[in-house]
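Content type mmCIF, C-alpha atoms, from the file my_file23.cif:
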data_run
loop_
_atom_site.label_atom_id
_atom_site.label_comp_id
_atom_site.auth_asym_id
_atom_site.auth_seq_id
_atom_site.Cartn_x
_atom_site.Cartn_y
_atom_site.Cartn_z
CA MET A 9 -11.57 -1.70 -37.04
CA LEU A 10 -9.47 -1.91 -33.93
CA LYS A 11 -5.69 -2.00 -33.85
CA GLU A 12 -4.00 -4.80 -31.95
CA SER A 13 -2.79 -2.32 -29.33
CA GLU A 14 -6.38 -1.12 -28.83
CA ILE A 15 -7.61 -4.66 -28.25
CA ARG A 16 -4.80 -5.09 -25.75
CA THR A 17 -6.10 -2.05 -23.84
CA PHE A 18 -9.43 -3.80 -23.28
CA ILE A 19 -7.77 -7.12 -22.38
CA GLU A 20 -5.68 -5.34 -19.76
CA GLY A 21 -8.78 -3.56 -18.46
CA ALA A 22 -10.62 -6.85 -18.03
CA THR A 23 -7.77 -8.72 -16.34
CA ASN A 24 -7.04 -5.73 -14.11
CA TYR A 25 -10.66 -5.63 -12.98
CA PHE A 26 -10.63 -9.23 -11.76
CA GLU A 27 -7.13 -8.98 -10.31
CA ILE A 28 -8.09 -6.00 -8.15
CA SER A 29 -11.82 -6.38 -7.45
CA ALA A 30 -11.93 -10.16 -7.02
CA GLN A 31 -8.28 -10.51 -6.02
CA GLN A 32 -8.13 -13.49 -8.34
CA SER A 33 -6.76 -13.56 -11.85
CA ALA A 34 -8.94 -14.17 -14.87
CA SER A 35 -7.57 -15.68 -18.04
CA VAL A 36 -8.36 -14.26 -21.43
CA GLY A 37 -8.91 -16.40 -24.49
CA SER A 38 -7.91 -15.41 -27.99
CA PRO A 39 -9.94 -12.42 -29.17
CA TYR A 40 -11.92 -13.08 -32.33
CA LEU A 41 -13.83 -11.06 -34.88
CA VAL A 42 -17.57 -11.50 -35.37
CA THR A 43 -18.83 -10.17 -38.69
CA ASP A 44 -22.55 -10.94 -38.60
CA GLY A 45 -23.50 -8.21 -36.11
CA ASN A 46 -24.39 -10.76 -33.47
CA PRO A 47 -21.56 -11.24 -30.96
CA GLY A 48 -23.88 -12.98 -28.46
CA ALA A 49 -24.51 -12.54 -24.75
CA TYR A 50 -24.91 -14.36 -21.44
CA ASP A 51 -27.58 -13.82 -18.73
CA TYR A 52 -26.61 -10.23 -17.84
CA THR A 53 -25.02 -7.58 -20.01
CA GLY A 54 -23.74 -4.12 -19.10
CA ILE A 55 -23.58 -1.91 -22.19
CA ILE A 56 -21.60 1.33 -22.48
CA GLY A 57 -22.28 3.67 -25.38
CA ILE A 58 -19.17 5.26 -26.86
CA SER A 59 -19.19 8.71 -28.46
CA GLY A 60 -16.69 11.44 -29.23
CA ALA A 61 -13.63 10.47 -31.25
CA ARG A 62 -14.90 6.86 -31.53
CA LYS A 63 -18.46 5.65 -31.86
CA GLY A 64 -20.06 2.35 -30.91
CA ILE A 65 -20.48 0.22 -27.82
CA VAL A 66 -18.47 -1.80 -25.35
CA TYR A 67 -20.28 -4.47 -23.40
CA PHE A 68 -19.47 -6.99 -20.71
CA SER A 69 -21.72 -10.03 -20.57
CA ALA A 70 -21.66 -12.79 -17.97
CA PRO A 71 -23.75 -15.60 -16.49
CA ARG A 72 -25.50 -15.02 -13.18
CA GLY A 73 -23.34 -17.60 -11.37
CA MET A 74 -20.15 -15.74 -12.22
CA LEU A 75 -21.54 -12.37 -11.16
CA ALA A 76 -22.86 -13.77 -7.87
CA VAL A 77 -19.44 -15.21 -6.97
CA LEU A 78 -17.76 -11.98 -8.01
CA LEU A 79 -20.06 -10.04 -5.69
CA MET A 80 -19.17 -12.36 -2.83
CA ARG A 81 -15.45 -11.96 -3.57
CA MET A 82 -16.08 -8.23 -3.14
CA GLN A 83 -17.57 -8.94 0.34
CA GLU A 84 -21.06 -8.11 -0.93
CA THR A 85 -23.50 -10.53 0.66
CA ASP A 86 -26.58 -9.28 -1.18
CA THR A 87 -26.71 -11.20 -4.47
CA SER A 88 -30.15 -9.94 -5.44
CA ASP A 89 -31.02 -9.33 -9.08
CA GLU A 90 -30.67 -5.60 -8.45
CA ASN A 91 -27.08 -5.97 -7.27
CA ILE A 92 -26.19 -8.39 -10.07
CA LYS A 93 -27.39 -5.80 -12.61
CA ASP A 94 -25.51 -3.08 -10.77
CA LEU A 95 -22.32 -5.16 -10.88
CA VAL A 96 -22.47 -6.05 -14.57
CA GLY A 97 -22.95 -2.36 -15.38
CA GLU A 98 -20.09 -1.37 -13.10
CA VAL A 99 -17.70 -3.88 -14.69
CA ALA A 100 -18.53 -2.52 -18.16
CA ASN A 101 -18.17 1.06 -16.91
CA THR A 102 -14.82 0.37 -15.25
CA ILE A 103 -13.24 -1.41 -18.21
CA SER A 104 -14.49 1.25 -20.65
CA GLY A 105 -13.42 4.13 -18.40
CA ASN A 106 -9.97 2.62 -17.89
CA ALA A 107 -9.57 2.48 -21.68
CA ARG A 108 -9.34 6.28 -21.66
CA ARG A 109 -5.82 5.87 -20.28
CA ASP A 110 -4.86 4.94 -23.87
CA PHE A 111 -7.74 6.34 -25.96
CA GLY A 112 -7.78 9.75 -24.24
CA ARG A 113 -10.63 11.86 -22.93
CA ASN A 114 -12.39 12.07 -26.31
CA PHE A 115 -13.34 8.43 -25.83
CA VAL A 116 -16.61 9.44 -24.18
CA ILE A 117 -18.49 6.77 -22.24
CA SER A 118 -22.16 6.70 -21.29
CA VAL A 119 -23.66 5.48 -18.05
CA PRO A 120 -24.34 1.73 -18.32
CA THR A 121 -27.50 0.19 -19.72
CA VAL A 122 -28.18 -3.28 -18.39
CA VAL A 123 -29.97 -6.08 -20.23
CA ALA A 124 -31.00 -9.07 -18.16
CA SER A 125 -32.14 -12.43 -19.51
CA ASP A 126 -33.35 -11.16 -22.86
CA VAL A 127 -30.21 -12.06 -24.84
CA GLU A 128 -31.82 -11.06 -28.16
CA LYS A 129 -31.97 -7.44 -26.99
CA VAL A 130 -28.17 -7.30 -26.97
CA THR A 131 -27.24 -6.16 -30.45
CA ALA A 132 -24.19 -4.56 -31.99
CA PRO A 133 -24.55 -1.29 -33.93
CA TYR A 134 -22.12 -2.41 -36.65
CA SER A 135 -21.52 -5.74 -38.34
CA LYS A 136 -17.98 -6.18 -36.99
CA SER A 137 -17.27 -6.70 -33.30
CA TYR A 138 -14.27 -8.01 -31.41
CA VAL A 139 -15.07 -10.57 -28.75
CA ILE A 140 -12.64 -11.07 -25.87
CA PRO A 141 -13.44 -14.31 -23.99
CA ILE A 142 -12.86 -14.08 -20.23
CA ASN A 143 -12.52 -17.17 -18.04
CA TRP A 144 -12.67 -16.86 -14.28
CA ARG A 145 -12.91 -19.81 -11.90
CA LYS A 146 -15.22 -22.20 -13.76
CA HIS A 147 -17.17 -19.43 -15.48
CA SER A 148 -16.96 -17.85 -18.92
CA ALA A 149 -17.89 -14.28 -19.84
CA LYS A 150 -17.18 -12.00 -22.76
CA LEU A 151 -16.16 -8.45 -23.41
CA VAL A 152 -17.41 -7.15 -26.74
CA VAL A 153 -15.93 -4.10 -28.43
CA CYS A 154 -17.87 -2.76 -31.42
CA LEU A 155 -16.46 0.54 -32.65
CA GLU A 156 -16.97 2.27 -35.99
CA MET B 24 -19.63 21.10 11.08
CA SER B 25 -16.94 18.89 12.56
CA ILE B 26 -17.44 17.29 15.96
CA ARG B 27 -14.57 17.13 18.46
CA ASN B 28 -13.57 13.60 19.44
CA GLY B 29 -10.57 13.53 21.74
CA SER B 30 -7.61 15.22 20.07
CA GLN B 31 -8.98 14.85 16.53
CA SER B 32 -12.19 16.13 15.09
CA LEU B 33 -14.74 13.67 13.73
CA LEU B 34 -15.42 14.37 10.07
CA LYS B 35 -18.63 13.74 8.17
CA LEU B 36 -18.34 11.69 4.96
CA MET B 37 -20.78 11.63 2.05
CA ILE B 38 -20.43 8.94 -0.65
CA VAL B 39 -21.55 9.70 -4.22
CA ASP B 40 -21.69 6.94 -6.85
CA ASP B 41 -24.40 5.64 -9.15
CA SER B 42 -23.49 2.08 -8.18
CA ASN B 43 -25.05 0.83 -4.97
CA ILE B 44 -22.31 -1.81 -4.76
CA ILE B 45 -19.57 0.81 -4.85
CA ARG B 46 -21.35 3.03 -2.30
CA ARG B 47 -21.64 0.08 0.08
CA ARG B 48 -18.07 -1.01 -0.64
CA ILE B 49 -16.65 2.42 0.24
CA GLU B 50 -18.74 2.59 3.41
CA ARG B 51 -17.65 -0.91 4.44
CA SER B 52 -13.99 -0.59 3.48
CA GLN B 53 -13.09 2.83 4.78
CA GLN B 54 -11.40 2.37 8.13
CA ILE B 55 -10.57 5.90 9.09
CA ALA B 56 -11.71 6.39 12.68
CA ARG B 57 -12.24 10.11 12.11
CA LEU B 58 -14.79 9.55 9.35
CA GLU B 59 -18.47 9.05 9.97
CA VAL B 60 -20.71 8.33 6.96
CA VAL B 61 -23.65 10.73 7.00
CA GLY B 62 -25.24 9.75 3.71
CA SER B 63 -24.85 8.57 0.15
CA ALA B 64 -26.22 9.72 -3.19
CA SER B 65 -26.57 8.03 -6.58
CA ASN B 66 -26.16 11.09 -8.81
CA GLY B 67 -24.89 14.64 -8.71
CA ARG B 68 -28.26 16.30 -8.22
CA GLU B 69 -29.13 14.08 -5.27
CA ALA B 70 -25.64 14.74 -3.87
CA VAL B 71 -26.11 18.53 -3.91
CA GLU B 72 -29.40 18.20 -2.00
CA LEU B 73 -27.88 15.81 0.53
CA PHE B 74 -24.85 18.07 0.90
CA ARG B 75 -27.08 21.02 1.80
CA ARG B 76 -28.85 18.95 4.46
CA THR B 77 -25.92 17.08 6.02
CA ARG B 78 -22.99 19.47 5.45
CA PRO B 79 -20.28 16.80 5.10
CA ASP B 80 -16.59 17.65 5.47
CA VAL B 81 -15.40 14.91 3.09
CA VAL B 82 -16.95 13.55 -0.12
CA THR B 83 -16.06 10.60 -2.36
CA MET B 84 -17.27 11.44 -5.85
CA ASP B 85 -17.88 9.27 -8.91
CA LEU B 86 -17.72 11.08 -12.26
CA THR B 87 -19.88 9.16 -14.75
CA MET B 88 -23.39 9.46 -13.32
CA PRO B 89 -26.89 10.23 -14.61
CA GLU B 90 -28.71 13.53 -13.91
CA MET B 91 -25.60 15.52 -13.01
CA ASP B 92 -22.07 14.23 -13.57
CA GLY B 93 -19.30 14.32 -10.99
CA ILE B 94 -17.32 17.24 -12.43
CA GLU B 95 -20.38 19.52 -12.35
CA CYS B 96 -21.23 18.25 -8.88
CA VAL B 97 -17.71 19.00 -7.60
CA GLN B 98 -18.16 22.61 -8.75
CA GLU B 99 -21.54 22.90 -7.04
CA LEU B 100 -20.26 21.46 -3.76
CA VAL B 101 -17.18 23.69 -3.73
CA ALA B 102 -19.45 26.70 -4.35
CA LEU B 103 -21.49 25.69 -1.29
CA ASN B 104 -18.41 25.08 0.89
CA SER B 105 -14.94 25.87 -0.41
CA LYS B 106 -13.35 23.87 2.45
CA VAL B 107 -14.97 20.53 1.57
CA LEU B 108 -12.46 17.78 0.80
CA ILE B 109 -13.38 15.79 -2.31
CA LEU B 110 -11.83 12.50 -3.39
CA VAL B 111 -12.84 11.61 -6.93
CA VAL B 112 -13.28 7.83 -7.30
CA SER B 113 -13.71 7.09 -10.98
CA ALA B 114 -12.93 4.61 -13.74
CA LEU B 115 -11.97 7.45 -16.09
CA ALA B 116 -8.25 6.82 -16.18
CA ASP B 117 -6.97 9.57 -18.48
CA LYS B 118 -4.81 12.28 -16.95
CA ALA B 119 -6.83 15.12 -18.48
CA THR B 120 -9.93 14.10 -16.52
CA ALA B 121 -8.01 13.91 -13.24
CA VAL B 122 -6.47 17.33 -13.91
CA GLU B 123 -9.88 18.82 -14.73
CA ALA B 124 -11.40 17.40 -11.53
CA ILE B 125 -8.59 18.91 -9.47
CA GLU B 126 -8.93 22.24 -11.27
CA LYS B 127 -12.66 22.30 -10.51
CA GLY B 128 -11.96 21.82 -6.81
CA ALA B 129 -11.38 18.13 -6.07
CA ASN B 130 -8.49 17.33 -3.72
CA GLY B 131 -7.58 13.79 -4.79
CA PHE B 132 -8.22 11.14 -7.43
CA LEU B 133 -8.53 7.37 -7.01
CA CYS B 134 -8.94 5.21 -10.09
CA LYS B 135 -11.40 2.29 -10.13
CA PRO B 136 -11.01 -0.59 -9.61
CA PHE B 137 -9.39 -0.07 -6.21
CA THR B 138 -8.33 -2.19 -3.27
CA ASP B 139 -9.37 -1.44 0.31
CA ARG B 140 -5.81 -0.35 1.00
CA GLN B 141 -5.74 2.05 -1.95
CA LEU B 142 -9.02 3.59 -0.77
CA ASN B 143 -7.77 4.08 2.77
CA ASP B 144 -4.41 5.42 1.61
CA ALA B 145 -6.19 7.94 -0.62
CA LEU B 146 -8.48 9.02 2.23
CA HIS B 147 -5.51 9.30 4.63
CA GLU B 148 -3.70 11.52 2.17
CA LEU B 149 -6.79 13.65 1.68
CA LEU B 150 -7.12 14.18 5.42
CA LEU B 151 -3.49 15.09 6.11
CA ASP B 152 -4.34 18.75 6.29
CA ALA B 153 -7.84 18.40 7.73
#
The structure given in the file should be rewritten as structure tokens.
Amino acid sequence: MLKESEIRTFIEGATNYFEISAQQSASVGSPYLVTDGNPGAYDYTGIIGISGARKGIVYFSAPRGMLAVLLMRMQETDTSDENIKDLVGEVANTISGNARRDFGRNFVISVPTVVASDVEKVTAPYSKSYVIPINWRKHSAKLVVCLE
Amino acid sequence: MSIRNGSQSLLKLMIVDDSNIIRRRIERSQQIARLEVVGSASNGREAVELFRRTRPDVVTMDLTMPEMDGIECVQELVALNSKVLILVVSALADKATAVEAIEKGANGFLCKPFTDRQLNDALHELLLDA
């Protein structure tokens, strides 16, 4: 289970990412708990494995349209599938890495694994996950935190 | 080796990050006239090989990468050239990681995500003594 302050760490990481990388604020909806082990996903998902003091995964999942606009906001003109996958992994990596500011260095993060299109391949290792809805421009994405 | 260009020497820059987007972003955003990008690498092992070939003066270094991570790579590069200037550019935001990177031989630390201005300020600071 996550403490409220720990959820706030991930919310801040997500809003900070958009504020700085896209130079446009994102709004965050109310985080909610999913208990069936299936927090769901959009078109592209960047998954970070967590080991060390905590175990589990953190993933960022977004539709292609959102990621393409985000790339363009970052002055990246190449919105190929390769770059979209790169971006979704980088967002997940950045938010998870930033969480070490509060969780400390024993919150060990893996390099990202990216799942594209095949939403059913995105699964949580434990039954309980926290989902943080992220709204940016007209798009919706989600940050999922599933820790033991 | 540095190349003389007027009163200031031109410095060779190598960019190391497993994200192509970040590598391109750093190349595009850095506006230091003294820096010339000589190559980029997507992991530590590739970076060491490229370093041997291109002998850069300045390196931007990600930490979380496949094959060889950034901390190990910093050590390898410093062993090859103790004068290389290394700016770590990483999402790992805990102080202990920044301190370890500096202890292993890095000269600066910039946390992701970053603005163009933050990148250029960090590079300027790195080059003050170059």
Which chain A residues are at most 6 Å from chain B (counting only C-alpha atoms), as a ChimeraX atom specification? /A:102,105-106,108-109,112
CA of Asp51 in chain A sits from CA of Val123 in chain A at a separation of 8.2 Å
Neighbours of range 57-66 of chain B within 9 Å (only C-alpha atoms; same-chain residues fewer than 3 positions away dropped), as a PyMOL selection string? chain B and resi 28+31-43+46+50+53-54+69-71+73-74+77-79+81+85+87-93+96
Quick one, how far is CA of Val152 in chain A from CA of Pro47 in chain A? 7.2 Å
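Around the point (-18.2, 17.7, -9.0), within 8 Å and counting only C-alpha atoms, we find these residues: B:Gly67, B:Met84, B:Leu86, B:Asp92, B:Gly93, B:Ile94, B:Glu95, B:Cys96, B:Val97, B:Gln98, B:Glu99, B:Leu100, B:Ala124, B:Lys127, B:Gly128, B:Ala129.
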At what distance in Å, to one decimal, does CA of Phe132 in chain B lie from CA of Glu148 in chain B?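 Between CA of Glu148 in chain B and CA of Phe132 in chain B the gap works out to 10.6 Å.
Here the PyMOL selection byres ((chain A and resi 88) around 12) matches the residues Arg72, Gly73, Leu75, Ala76, Leu79, Met80, Glu84, Thr85, Asp86, Thr87, Asp89, Glu90, Asn91, Ile92, Lys93, Asp94 and Leu95 of chain A; Asn43 and Ile44 of chain B.
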Near range 10-15 of chain A, 12 Å: range 49-135 of chain A residue rows, closest pairs, all atoms listed in the file, as CSV:
residue,atom,partner,partner_atom,distance
A:Arg62,CA,A:Leu10,CA,10.6
A:Lys63,CA,A:Leu10,CA,11.9
A:Gly64,CA,A:Leu10,CA,11.8
A:Val66,CA,A:Ile15,CA,11.6
A:Ile103,CA,A:Ile15,CA,12.0
A:Ser104,CA,A:Glu14,CA,11.8
A:Ala107,CA,A:Glu14,CA,8.6
A:Arg108,CA,A:Glu14,CA,10.7
A:Arg109,CA,A:Glu14,CA,11.1
A:Asp110,CA,A:Glu14,CA,8.0
A:Phe111,CA,A:Glu14,CA,8.1
A:Gly112,CA,A:Glu14,CA,11.9
Output C-alpha atoms of each residue in that selection to a file, as a compact mmCIF listing (two decimals), in the frame of the given file.
# COMPACT_ATOMS: atom_id res chain seq x y z
CA ARG A 62 -14.90 6.86 -31.53
CA LYS A 63 -18.46 5.65 -31.86
CA GLY A 64 -20.06 2.35 -30.91
CA VAL A 66 -18.47 -1.80 -25.35
CA ILE A 103 -13.24 -1.41 -18.21
CA SER A 104 -14.49 1.25 -20.65
CA ALA A 107 -9.57 2.48 -21.68
CA ARG A 108 -9.34 6.28 -21.66
CA ARG A 109 -5.82 5.87 -20.28
CA ASP A 110 -4.86 4.94 -23.87
CA PHE A 111 -7.74 6.34 -25.96
CA GLY A 112 -7.78 9.75 -24.24
Starting from the shown file, work through the PyMOL selection byres ((chain A and resi 30) around 12) and note down what comes out as a ChimeraX atom specification. /A:22-29,31-34,74-84,99,144-145 /B:136-139
For Val122 in chain A: contacts at 10 Å, only C-alpha atoms, fewer than 2 positions along chain excluded, given as a ChimeraX atom specification: /A:52-56,67-69,92-98,100,119-120,124,130
Output C-alpha atoms for every residue in that selection, as a tab-separated table (two decimals), in the coordinates of the input.
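As written to disk, selection.tsv reads:
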chain	number	residue	atom	x	y	z
A	52	TYR	CA	-26.61	-10.23	-17.84
A	53	THR	CA	-25.02	-7.58	-20.01
A	54	GLY	CA	-23.74	-4.12	-19.10
A	55	ILE	CA	-23.58	-1.91	-22.19
A	56	ILE	CA	-21.60	1.33	-22.48
A	67	TYR	CA	-20.28	-4.47	-23.40
A	68	PHE	CA	-19.47	-6.99	-20.71
A	69	SER	CA	-21.72	-10.03	-20.57
A	92	ILE	CA	-26.19	-8.39	-10.07
A	93	LYS	CA	-27.39	-5.80	-12.61
A	94	ASP	CA	-25.51	-3.08	-10.77
A	95	LEU	CA	-22.32	-5.16	-10.88
A	96	VAL	CA	-22.47	-6.05	-14.57
A	97	GLY	CA	-22.95	-2.36	-15.38
A	98	GLU	CA	-20.09	-1.37	-13.10
A	100	ALA	CA	-18.53	-2.52	-18.16
A	119	VAL	CA	-23.66	5.48	-18.05
A	120	PRO	CA	-24.34	1.73	-18.32
A	124	ALA	CA	-31.00	-9.07	-18.16
A	130	VAL	CA	-28.17	-7.30	-26.97
Can you list, as a list in words, the residues that the PyMOL selection byres ((chain A and resi 36-45) around 7) selects here? Ala34, Ser35, Asn46, Pro47, Ala132, Tyr134, Ser135, Lys136, Ser137, Tyr138, Val139, Ile140, Pro141, Ile142 and Asn143 of chain A
Measuring atom to atom with only C-alpha atoms, identify which of B:Ala102, B:Leu146, B:Ile125, B:Leu151 is nearest to Ile55 in chain B.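 Nearest candidate to Ile55 in chain B out of B:Ala102, B:Leu146, B:Ile125, B:Leu151: B:Leu146.
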Please, can range 34-56 of chain A be completed to N, CA and C atoms and returned as a CSV table (one decimal), in the coordinates of the input?
chain,number,residue,atom,x,y,z
A,34,ALA,N,-8.1,-13.6,-13.8
A,34,ALA,CA,-8.9,-14.2,-14.9
A,34,ALA,C,-8.0,-14.4,-16.1
A,35,SER,N,-8.4,-15.5,-16.8
A,35,SER,CA,-7.6,-15.7,-18.0
A,35,SER,C,-8.4,-15.2,-19.2
A,36,VAL,N,-7.7,-14.8,-20.2
A,36,VAL,CA,-8.4,-14.3,-21.4
A,36,VAL,C,-8.1,-15.2,-22.6
A,37,GLY,N,-9.1,-15.6,-23.3
A,37,GLY,CA,-8.9,-16.4,-24.5
A,37,GLY,C,-8.5,-15.5,-25.7
A,38,SER,N,-8.3,-16.2,-26.8
A,38,SER,CA,-7.9,-15.4,-28.0
A,38,SER,C,-9.1,-14.6,-28.5
A,39,PRO,N,-8.9,-13.3,-28.6
A,39,PRO,CA,-9.9,-12.4,-29.2
A,39,PRO,C,-10.3,-12.8,-30.6
A,40,TYR,N,-11.5,-12.7,-31.0
A,40,TYR,CA,-11.9,-13.1,-32.3
A,40,TYR,C,-12.9,-12.1,-32.9
A,41,LEU,N,-13.0,-12.0,-34.2
A,41,LEU,CA,-13.8,-11.1,-34.9
A,41,LEU,C,-15.1,-11.7,-35.3
A,42,VAL,N,-16.2,-11.0,-34.9
A,42,VAL,CA,-17.6,-11.5,-35.4
A,42,VAL,C,-18.0,-10.5,-36.5
A,43,THR,N,-18.5,-11.1,-37.6
A,43,THR,CA,-18.8,-10.2,-38.7
A,43,THR,C,-20.3,-10.2,-39.0
A,44,ASP,N,-21.1,-10.9,-38.3
A,44,ASP,CA,-22.6,-10.9,-38.6
A,44,ASP,C,-23.4,-10.0,-37.7
A,45,GLY,N,-22.8,-9.2,-36.9
A,45,GLY,CA,-23.5,-8.2,-36.1
A,45,GLY,C,-24.1,-8.8,-34.9
A,46,ASN,N,-23.8,-10.1,-34.6
A,46,ASN,CA,-24.4,-10.8,-33.5
A,46,ASN,C,-23.3,-11.4,-32.6
A,47,PRO,N,-22.7,-10.7,-31.8
A,47,PRO,CA,-21.6,-11.2,-31.0
A,47,PRO,C,-22.0,-12.1,-29.8
A,48,GLY,N,-23.3,-12.1,-29.5
A,48,GLY,CA,-23.9,-13.0,-28.5
A,48,GLY,C,-23.7,-12.4,-27.1
A,49,ALA,N,-24.5,-13.0,-26.1
A,49,ALA,CA,-24.5,-12.5,-24.8
A,49,ALA,C,-24.9,-13.7,-23.8
A,50,TYR,N,-24.5,-13.4,-22.5
A,50,TYR,CA,-24.9,-14.4,-21.4
A,50,TYR,C,-26.1,-13.8,-20.7
A,51,ASP,N,-26.4,-14.2,-19.5
A,51,ASP,CA,-27.6,-13.8,-18.7
A,51,ASP,C,-27.7,-12.3,-18.5
A,52,TYR,N,-26.6,-11.7,-18.2
A,52,TYR,CA,-26.6,-10.2,-17.8
A,52,TYR,C,-25.5,-9.5,-18.7
A,53,THR,N,-25.9,-8.3,-19.2
A,53,THR,CA,-25.0,-7.6,-20.0
A,53,THR,C,-25.0,-6.1,-19.6
A,54,GLY,N,-23.9,-5.6,-19.4
A,54,GLY,CA,-23.7,-4.1,-19.1
A,54,GLY,C,-23.2,-3.5,-20.4
A,55,ILE,N,-23.9,-2.5,-20.9
A,55,ILE,CA,-23.6,-1.9,-22.2
A,55,ILE,C,-23.2,-0.4,-22.0
A,56,ILE,N,-22.1,-0.1,-22.5
A,56,ILE,CA,-21.6,1.3,-22.5
A,56,ILE,C,-21.6,1.9,-23.9
